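Each remark here refers to the structure printed beneath this line.
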Amino acid sequence: MLKNPFLKQLMGSFMDLAPIFVVVLIFQILIVRQPIPNIGSVISGTIFVILGLTFFIQGLEQSLFPIGESLAYAFARKGSLFWLLTFAFCLGFGAAVAEPGLISVVEKAANIVGKSKLIEQTDAAKTSYALGLRLTVALSIGLAIVVGVLRIIKGWPVYYPVLLAYLCIATMTPFVPVEIIGIAYDSGVVATSSITAPLLTVIGVGLATSIKGRHPLADGFGLIVLASLMSTIFVMVYGMST
Amino acid sequence: MNDWLLHFSLKLLETGQNILPVVIVIIGFQLLVIRKPLAHPKKTISGFMYLLLGIVFLLEGLDLALFPLGNLMALQLTTPDFLGVSSLDKVVSWKDYFWVYIFAASLGFSSALAEPSLRAVSLKAEQISGGTIRSWGLRLSVAIGVSLALALGALRIVMGLELYLFIISSYILVLVQTRFAPKLIIGLAYDSGGITTSMVTVPLVSSLGMGLASAIPGRNPLLDGFGLLALASIVPMIIVMGYAQIAHWLNKSRLSSNS
């Protein structure tokens with residue numbers, strides 16, 4: 001009994017990945033027409049990815065999803081806005097600050113800015129710039145989750161904060177140093193990755209389910225988009241101020 | 001073998017560090033603020049272990065198999081030999097990079113389908129919508145969105161167009177669609193982009209961006225390599241809302257023709 005579901009999941013992961021390999025193979029064989037280098041490591045890598053996908057989904061369903069849901073219900077029942085918002089902020093901040101994707105983007109950003117002489121061309125200046133940027137993004141994600149949770153509680157339409165954020169970004173873009181624009185747009189996307197996105201979904205949906213008068217589908221989503229827009233705004237401000 | 005084990009445990013440690021803050025926040029609030037013990041402590045702990053192992057295997061596998069291939073192909077598809085132009089030609093027409101757009105689009109499509117976060121969230125969406133949103137329909141529309149985004153983004157890098165033009169016009173489109181799309185779907189559509197650009201897509205897309213920006217003459221990888229991700233998270237919103245609108249209209253016309 002234990003073996004079967006696992007095999008089924010492995011098969012599911014394999015099917016999910018198949019398109020990537022079909023694309024790569026077709027391009028290599030028919031269009032580039034060159035042998036694939038290191039075929040051995042490609043095959044073992046593929047097996048790793050299939051195992052990884054399977055474990056990841058299993059882990060989400062066993063740990064993060066139920067805990068996130070029960071936390072959301074518990075907070076809604078407890079009725080303490082202060083603690084709920086504190087939790088929201090800590091979660092957003094904690095998820096972003098350690099995100100490996102964000103760390104690498106921030107380092108690249110410091111390099112670009114260092115080359116363009118917006119800051120001093122020393123390692124110390126770059127490191128402090130990168131750290132500042134990382135904390136800025138983490139702060140913005142924390143704040144975004146707070147705003148998003150408030151929205152669910154108050155029942156504001158999902159597009160109000162998004163509309164506001166769009167207006168902010170559109171008006172700020174002309175005043176931001178060119179070097180920063182691409183990074184600003186990408187930073188938010190990178191900061192809500194691996195476990196943050198699924199977790200935020202469960203918490204939003206859980207809150208919207210347990211608060212009277214909210215619809216899980218209509219009100220529960222919208223935390224992630226806000227997080228990524230808010231981070232764009234904050235990185236732009238950071239870029240203008242240094 | 002020993003080397004590999006060491007490398008693997010280091011990776012495990014690193015990933016553990018990355019998800020530690022989130023785990024601490026969750027468990028901390030559960031125990032200190034909600035003050036209730038975990039419902040199934042054993043299941044939860046083994047779940048976290050699965051999560052950790054899953055992320056490590058995924059990252060390791062992607063590093064071994066997909067990224068080198070993706071990088072290599074971005075380079076191969078942009079060499080003067082492949083393009084059929086002489087390397088002395090300073091100006092290469094954007095049409096010559098035809099295969100690059102196709103490759104970017106197919107890579108985007110397939111990596112969105114493989115994204116585990118999107119799979120988990122779309123199953124959740126199917127569940128709470130009572131089956132009106134199909135998990136597969138959602139994933140397919142997102143995948144189409146990402147593939148369009150990457151093709152557009154590759155075109156932008158090749159032609160050297162300004163990123164914000166693309167972003168701001170997508171914003172306008174999103175806002176117009178928000179006005180007309182069924183109310184229930186808006187939040188999910190907004191989040192679909194952010195959910196997709198996760199573990200598999202982010203590194204794949206950024207290596208494609210950097211690869212293209214360094215291979216195409218006249219582009220600066222540090223400046224032009226960014227922006228693909230932002231596009232990959234906006235365009236799916238447009239496609240998902242479009243899909244919902246079309247499904248809504250079809251339903252309506254079916255209902256009115258029945259009555």
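So you can find residues: chains in the structure tokens are A, B, ... in the order shown, residues in each start at 1, and ligands are numbered from 1 in order.
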Closest atom pairs, chain B residues within 7 Å of chain A, only C-alpha atoms, as a tab-separated table:
residue	atom	partner	partner_atom	distance
B:Asn18	CA	A:Ala98	CA	4.8
B:Pro21	CA	A:Gly94	CA	5.0
B:Val22	CA	A:Ala95	CA	5.4
B:Val25	CA	A:Leu91	CA	6.1
B:Gln30	CA	A:Leu71	CA	6.8
B:Ile34	CA	A:Ala74	CA	6.8
B:Lys43	CA	A:Gln62	CA	6.4
B:Thr44	CA	A:Ser63	CA	4.5
B:Gly47	CA	A:Gly59	CA	4.2
B:Phe48	CA	A:Gly59	CA	5.8
B:Tyr50	CA	A:Gly59	CA	4.7
B:Leu51	CA	A:Gly59	CA	4.4
B:Leu53	CA	A:Phe55	CA	6.6
B:Gly54	CA	A:Gly52	CA	3.8
B:Ile55	CA	A:Gly52	CA	6.0
B:Val56	CA	A:Gly52	CA	7.0
B:Phe57	CA	A:Gly52	CA	4.5
B:Leu58	CA	A:Gly52	CA	4.5
B:Glu60	CA	A:Phe48	CA	7.0
B:Gly61	CA	A:Gly45	CA	3.8
B:Leu62	CA	A:Gly45	CA	6.4
B:Leu64	CA	A:Gly45	CA	4.9
B:Ala65	CA	A:Val42	CA	4.1
B:Gln76	CA	A:Val32	CA	6.9
B:Ser106	CA	A:Val23	CA	6.4
B:Leu107	CA	A:Ile20	CA	6.5
B:Ser110	CA	A:Ile20	CA	4.9
B:Ser111	CA	A:Ile20	CA	6.2
B:Leu113	CA	A:Asp16	CA	6.1
B:Ala114	CA	A:Asp16	CA	4.8
B:Pro116	CA	A:Leu53	CA	6.3
B:Ser117	CA	A:Pro198	CA	5.9
B:Ala120	CA	A:Ile57	CA	6.8
B:Val121	CA	A:Pro198	CA	6.2
B:Ile128	CA	A:Leu217	CA	6.7
B:Ser129	CA	A:Leu217	CA	6.6
B:Ile168	CA	A:Ala170	CA	6.5
B:Tyr171	CA	A:Tyr166	CA	6.8
B:Lys183	CA	A:Ala218	CA	6.7
B:Leu184	CA	A:Ala218	CA	4.3
B:Ile185	CA	A:Ala218	CA	6.4
B:Gly187	CA	A:Phe221	CA	4.7
B:Leu188	CA	A:Phe221	CA	5.3
B:Tyr190	CA	A:Val225	CA	5.9
B:Asp191	CA	A:Val225	CA	5.2
B:Gly194	CA	A:Ile224	CA	6.0
B:Ile195	CA	A:Ala197	CA	5.5
B:Thr197	CA	A:Val189	CA	6.6
B:Ser198	CA	A:Ser193	CA	4.5
B:Met199	CA	A:Ser194	CA	5.2
B:Val202	CA	A:Val190	CA	6.9
B:Leu222	CA	A:Ile112	CA	6.3
B:Leu223	CA	A:Glu179	CA	6.3
B:Phe226	CA	A:Gly182	CA	5.0
B:Gly227	CA	A:Gly182	CA	5.0
B:Leu229	CA	A:Asp186	CA	5.7
B:Ala230	CA	A:Asp186	CA	5.0
For this session: Give me the residues within 9 Å of Leu152 of chain B as a list in words, counting only C-alpha atoms and dropping any in the same chain fewer than 6 places off.
Result: Tyr101, Ala104, Ala105, Phe166, Leu228 and Leu231 of chain B
Could you write those residues out with C-alpha atoms, as a compact mmCIF listing (two decimals), in the first residue's frame?
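Just written: part_3.txt:
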# COMPACT_ATOMS: atom_id res chain seq x y z
CA TYR B 101 12.29 33.05 -29.65
CA ALA B 104 12.56 30.70 -25.15
CA ALA B 105 8.85 30.10 -25.66
CA PHE B 166 6.63 46.27 -21.95
CA LEU B 228 12.64 38.45 -18.14
CA LEU B 231 7.60 39.73 -17.72
For this session: Would you work out the distance separating atom CA of Phe98 of chain B from atom CA of Gly70 of chain B, expressed in Å to one decimal?
Result: 16.8 Å
